[in-house]
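Peer 1: Before we start, here is the structure in question, set down as structure tokens.
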Amino acid sequence: MLSGNKSALAYQSHALSRVSRTFALTIPQLPPQVRYVIGNAYLLCRIADTIEDEPELDLSCKRGFLSRFSDVVRQKESPDSFAADLTPLLSKGTKSDEKDLVENTSVIIDLHKRMPPSQTVPIERCVEIMCKGMSEFVDTGSEGLPDLDHVDRYCYHVAGVVGEMITEVLCDYSAEIASQHEELFTLSSDFGRGLQLINILKDHREDKKRGVCWLPRKIFGRSIEAFTPSNLGSSITASKIVHLLGVVRNRLEKSLRYIKLIPTHEIGVRRFLAWTLAFACLTHRRIRANPQFRKGEEVKISRRQVYASVAAVNFVIRSNRALQWLFNTTMPRLSAIESIVRQTRR
């Protein structure tokens, strides 16, 4: 277990519950040896997200704070001076819980410093790559990204690298998991990128309204520019959303392969991973059923659906065959997706 001040650990648990609905549910499933490490890493990444998302910071300022935060995590700069400079600049567009997290950067960093190098090194690598990637894409506007390769690159920097970091932490925790390191590390990036892409699809309406779009112009063309209140549910856009669902499904299939490599007796680790995958699959299913949705709330999974998916995963968690069956039941084959595309285009 991560050693440290009890009040700091209590703050970390509190902050996690306030800034993330999903990870506040999944991270506590992990064994104590890695639970606090992954929780700490998540909150560090969330601070970087807060910088990226703050609407009142100009591009130069965002890049400067992202670079500084990377240095803070590597203990090259004081977390107190970083927080003191950034906090007053956070507007009402940043949630109060995220502002509180930034104010308490030093608490999260202090816990991070107490970890062994085998855990801090992959976390620091993750934050550095994430901050550099966010700086690269921070000027993305409402016109979208050029093509799917650029979308994929963005997804890697903000989520794929997180999958790689989690893999390194899990391999440090278990020699049995480490015996599968090469394949796990390869699949981990797809796991993270798949989760990010489904979030991009779910949130693209709201993102567009705030002047940002992560969808590829090469696929969507002018339909990206046409996201107006009068045509948010256009069939042309919907058919292309469904096309991207095929890309997501391929990534989520690899995510399932990742989970199946985790020893069946590692119930906590498998729950952490499988619950996350289940939520993504359910969101995929809701978007597939309503690709012309006009706002993200229409395809957001309900609390009841979260509990139902958790119960279903827990029932099959000890069996790879049963997990595969549950995945196949929830997710359509590509042929089914192509059928939906054809129907949408009519």
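By order of appearance in the structure tokens: chains A, B, ..., then residues from 1 within every chain, and ligands from 1 in the order shown.
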Applying 10 Å and only C-alpha atoms, which residues near His157 in chain A remain after dropping the ones on its own chain fewer than 4 positions away? List them as an mmCIF file with N, CA and C atoms, in the first residue's frame.
Peer 2:
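And here is the file that came out, selection-v8.cif:
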data_model
loop_
_atom_site.group_PDB
_atom_site.id
_atom_site.type_symbol
_atom_site.label_atom_id
_atom_site.label_comp_id
_atom_site.auth_asym_id
_atom_site.auth_seq_id
_atom_site.Cartn_x
_atom_site.Cartn_y
_atom_site.Cartn_z
ATOM 1 N N CYS A 126 3.828 8.978 -18.337
ATOM 2 C CA CYS A 126 2.459 9.188 -18.787
ATOM 3 C C CYS A 126 2.100 10.670 -18.782
ATOM 4 N N VAL A 127 2.362 11.351 -17.676
ATOM 5 C CA VAL A 127 2.003 12.762 -17.559
ATOM 6 C C VAL A 127 2.792 13.607 -18.558
ATOM 7 N N GLU A 128 4.073 13.286 -18.741
ATOM 8 C CA GLU A 128 4.895 14.043 -19.689
ATOM 9 C C GLU A 128 4.346 13.910 -21.104
ATOM 10 N N ILE A 129 4.053 12.678 -21.538
ATOM 11 C CA ILE A 129 3.527 12.458 -22.887
ATOM 12 C C ILE A 129 2.155 13.108 -23.034
ATOM 13 N N MET A 130 1.325 12.991 -22.002
ATOM 14 C CA MET A 130 -0.003 13.596 -22.044
ATOM 15 C C MET A 130 0.083 15.112 -22.197
ATOM 16 N N CYS A 131 0.930 15.750 -21.395
ATOM 17 C CA CYS A 131 1.050 17.208 -21.449
ATOM 18 C C CYS A 131 1.591 17.676 -22.791
ATOM 19 N N LYS A 132 2.559 16.949 -23.349
ATOM 20 C CA LYS A 132 3.093 17.310 -24.667
ATOM 21 C C LYS A 132 2.025 17.148 -25.742
ATOM 22 N N GLY A 133 1.244 16.079 -25.655
ATOM 23 C CA GLY A 133 0.184 15.867 -26.629
ATOM 24 C C GLY A 133 -0.908 16.909 -26.533
ATOM 25 N N MET A 134 -1.301 17.250 -25.306
ATOM 26 C CA MET A 134 -2.307 18.289 -25.129
ATOM 27 C C MET A 134 -1.824 19.619 -25.684
ATOM 28 N N GLU A 136 0.184 19.984 -28.151
ATOM 29 C CA GLU A 136 0.146 19.857 -29.611
ATOM 30 C C GLU A 136 -1.252 20.119 -30.151
ATOM 31 N N PHE A 137 -2.279 19.655 -29.432
ATOM 32 C CA PHE A 137 -3.654 19.732 -29.936
ATOM 33 C C PHE A 137 -4.481 20.838 -29.297
ATOM 34 N N ASP A 152 -6.598 9.563 -33.815
ATOM 35 C CA ASP A 152 -5.951 8.459 -33.110
ATOM 36 C C ASP A 152 -4.749 8.951 -32.312
ATOM 37 N N ARG A 153 -3.997 9.873 -32.892
ATOM 38 C CA ARG A 153 -2.834 10.426 -32.199
ATOM 39 C C ARG A 153 -3.273 11.187 -30.954
ATOM 40 N N VAL A 161 -1.811 6.393 -23.601
ATOM 41 C CA VAL A 161 -0.636 6.387 -22.722
ATOM 42 C C VAL A 161 -1.029 6.056 -21.286
ATOM 43 N N VAL A 162 -2.271 6.365 -20.911
ATOM 44 C CA VAL A 162 -2.757 5.992 -19.579
ATOM 45 C C VAL A 162 -2.856 4.468 -19.475
ATOM 46 N N SER A 189 -2.701 0.357 -25.232
ATOM 47 C CA SER A 189 -2.926 1.607 -25.953
ATOM 48 C C SER A 189 -4.274 1.589 -26.652
ATOM 49 N N GLY A 192 -7.101 2.212 -24.089
ATOM 50 C CA GLY A 192 -7.291 3.624 -23.775
ATOM 51 C C GLY A 192 -7.848 4.421 -24.932
ATOM 52 N N ARG A 193 -7.341 4.173 -26.144
ATOM 53 C CA ARG A 193 -7.820 4.925 -27.302
ATOM 54 C C ARG A 193 -9.276 4.606 -27.624
#
Peer 1: Could you list, as an MDAnalysis selection string, every residue within 9 Å of Thr94 in chain A, counting only C-alpha atoms and ignoring same-chain residues fewer than 5 positions away?
Peer 2: chainID A and resid 50 53:55 99
Peer 1: Select from range 64-262 of chain A everything DSSP, run on the backbone, classes as helix (DSSP H, G or I), then give the selection as a PyMOL selection string.
Peer 2: chain A and resi 64-73+79-89+96-103+105-113+117-137+148-173+175-178+181-209+217-223+235-260
Peer 1: If you count only C-alpha atoms, which residues fall within 7 Å of Pro146 in chain A, apart from same-chain ones fewer than 6 positions away, as a VMD selection string?
Peer 2: chain A and resid 216 to 218
Peer 1: Could you pull the residues within 8 Å of Leu43 in chain A, counting only C-alpha atoms, minus those fewer than 2 positions along the same chain, as number ranges by chain?
Peer 2: A: 12, 15-16, 39-41, 45-47, 101, 108
Peer 1: Since we have the selection now, will you write its residues out, keeping N, CA, C and O atoms, as a short mmCIF file (atom, residue, chain, number, x, y, z; two decimals), in the first residue's frame?
Peer 2:
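Writing done, so here's part.cif:
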data_model
loop_
_atom_site.label_atom_id
_atom_site.label_comp_id
_atom_site.auth_asym_id
_atom_site.auth_seq_id
_atom_site.Cartn_x
_atom_site.Cartn_y
_atom_site.Cartn_z
N GLN A 12 -7.14 12.39 -1.17
CA GLN A 12 -7.09 11.77 -2.49
C GLN A 12 -8.38 10.99 -2.77
O GLN A 12 -8.95 11.11 -3.87
N ALA A 15 -11.19 13.54 -3.31
CA ALA A 15 -11.08 14.23 -4.60
C ALA A 15 -11.50 13.31 -5.74
O ALA A 15 -12.18 13.74 -6.68
N LEU A 16 -11.10 12.05 -5.67
CA LEU A 16 -11.47 11.10 -6.71
C LEU A 16 -12.98 10.97 -6.81
O LEU A 16 -13.54 10.93 -7.91
N GLY A 39 -5.11 5.63 -8.31
CA GLY A 39 -5.90 6.80 -7.93
C GLY A 39 -5.09 8.07 -8.00
O GLY A 39 -5.56 9.11 -8.49
N ASN A 40 -3.86 8.01 -7.52
CA ASN A 40 -2.96 9.16 -7.56
C ASN A 40 -2.66 9.55 -9.00
O ASN A 40 -2.70 10.74 -9.37
N ALA A 41 -2.38 8.56 -9.83
CA ALA A 41 -2.07 8.83 -11.24
C ALA A 41 -3.27 9.46 -11.94
O ALA A 41 -3.11 10.39 -12.75
N CYS A 45 -3.44 13.16 -13.85
CA CYS A 45 -3.92 13.33 -15.23
C CYS A 45 -5.11 14.30 -15.26
O CYS A 45 -5.26 15.07 -16.22
N ARG A 46 -5.91 14.28 -14.22
CA ARG A 46 -7.08 15.17 -14.18
C ARG A 46 -6.66 16.63 -14.07
O ARG A 46 -7.33 17.52 -14.60
N ILE A 47 -5.56 16.89 -13.39
CA ILE A 47 -5.06 18.27 -13.33
C ILE A 47 -4.65 18.74 -14.72
O ILE A 47 -4.94 19.88 -15.12
N LEU A 101 -8.92 20.62 -6.63
CA LEU A 101 -7.84 19.67 -6.90
C LEU A 101 -6.56 20.40 -7.29
O LEU A 101 -5.47 20.07 -6.81
N ILE A 108 -1.32 15.85 -3.66
CA ILE A 108 -1.24 14.72 -4.60
C ILE A 108 0.22 14.42 -4.94
O ILE A 108 0.64 13.26 -5.02
#
Peer 1: Identify which of the residues A:Arg288, A:His150, A:Arg321, A:Arg205 lies closest to Ile259 in chain A, counting only C-alpha atoms when measuring atom-to-atom distances.
Peer 2: A:Arg321
Peer 1: Neighbours of Asp85 in chain A within 12 Å (only C-alpha atoms; same-chain residues fewer than 5 positions away dropped), as a ChimeraX atom specification?
Peer 2: /A:61,64-65,68-69,78-80,90,102-103,105
Peer 1: How many Å lie between CA of Ala48 in chain A and CA of Ala280 in chain A, rounded to one decimal?
Peer 2: 22.5 Å
